[in-house]
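S.K.: Quick one: the structure is below, questions incoming.
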Amino acid sequence: MAYKVGIERQQTILFPERVEDYIGPENPVRIFDAFVNGLDMFQCGFNRAAPSAEGRPPYDPRDLLKLYIYGYCNAVRSSRRLEKEAKRNLELMWLLNKLTPDFRTIADFRKDNRKALKEVFREFNRLCDTLHLYTKDYIVAP
């Protein structure tokens, strides 16, 4: 009996043309997206909530917040790992519209918005609890 064989690496494959096709309607990243898009970033206290008219345009704090919520829910805490995931993870490509912030930008966002992040995460946890997305069960180790 032979081993299972994958496809040849040079084989042409017709993937769906849109990243949207990879993210199903029940995917949790859609909740992250809707939640963050509904926030008033200025009122939440985020730095650079209103972009400057001069200089290089910064990343929208909404995009960086989506990245952090994704990392929080998927146990990815490191800024370097979040940078790597943004480049290879289809869910993050969809969530961030293929933006790939570097680890320093990600770390600075966390450092500069510590208080606002804490409050937004509290609100996000309340929302998930209200929608019964969390269970109250836990497993006791034998």
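By order in the structure tokens, chains are A, B, ...; within a chain, residues start at 1; ligands start at 1, following the order shown.
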Do you know which residues are at most 12 Å from Ala116 in chain A counting only C-alpha atoms, after dropping those on the same chain fewer than 3 positions away, and could you put them as a ChimeraX atom specification?

M.R.: /A:39-47,49,61,65,109-113,119-123

S.K.: Please identify all polymer residues within 10 Å of range 98-103 of chain A, counting only C-alpha atoms, omitting same-chain residues fewer than 5 positions from it, and present them as a list of chain:residue names.

M.R.: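 Close residues of range 98-103 of chain A: A:Val19, A:Tyr59, A:Asp63, A:Leu64, A:Leu67, A:Ser78, A:Ser79, A:Arg80, A:Arg81, A:Leu82, A:Glu83, A:Lys84, A:Glu85, A:Ala86, A:Lys87, A:Arg88, A:Asn89, A:Leu90, A:Glu91, A:Leu92, A:Met93, A:Asp108, A:Phe109.
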
S.K.: DSSP on the backbone, helix (DSSP H, G or I) only: what residues of chain A does that give? Format it as a VMD selection string.

M.R.: chain A and resid 19 to 22 29 to 37 41 to 44 61 to 73 79 to 88 90 to 95 103 to 112 114 to 130

S.K.: Suppose you want the space between CA of Tyr22 in chain A and CA of Asn74 in chain A; what is it in Å?

M.R.: 18.1 Å

S.K.: Check the smallest atom-to-atom distance from each of A:Leu133, A:Ile23, A:Leu117, A:Val5 to Val36 in chain A using only C-alpha atoms, then report the winner.

M.R.: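 Of A:Leu133, A:Ile23, A:Leu117, A:Val5, the one nearest Val36 in chain A is A:Leu117, counting only C-alpha atoms.
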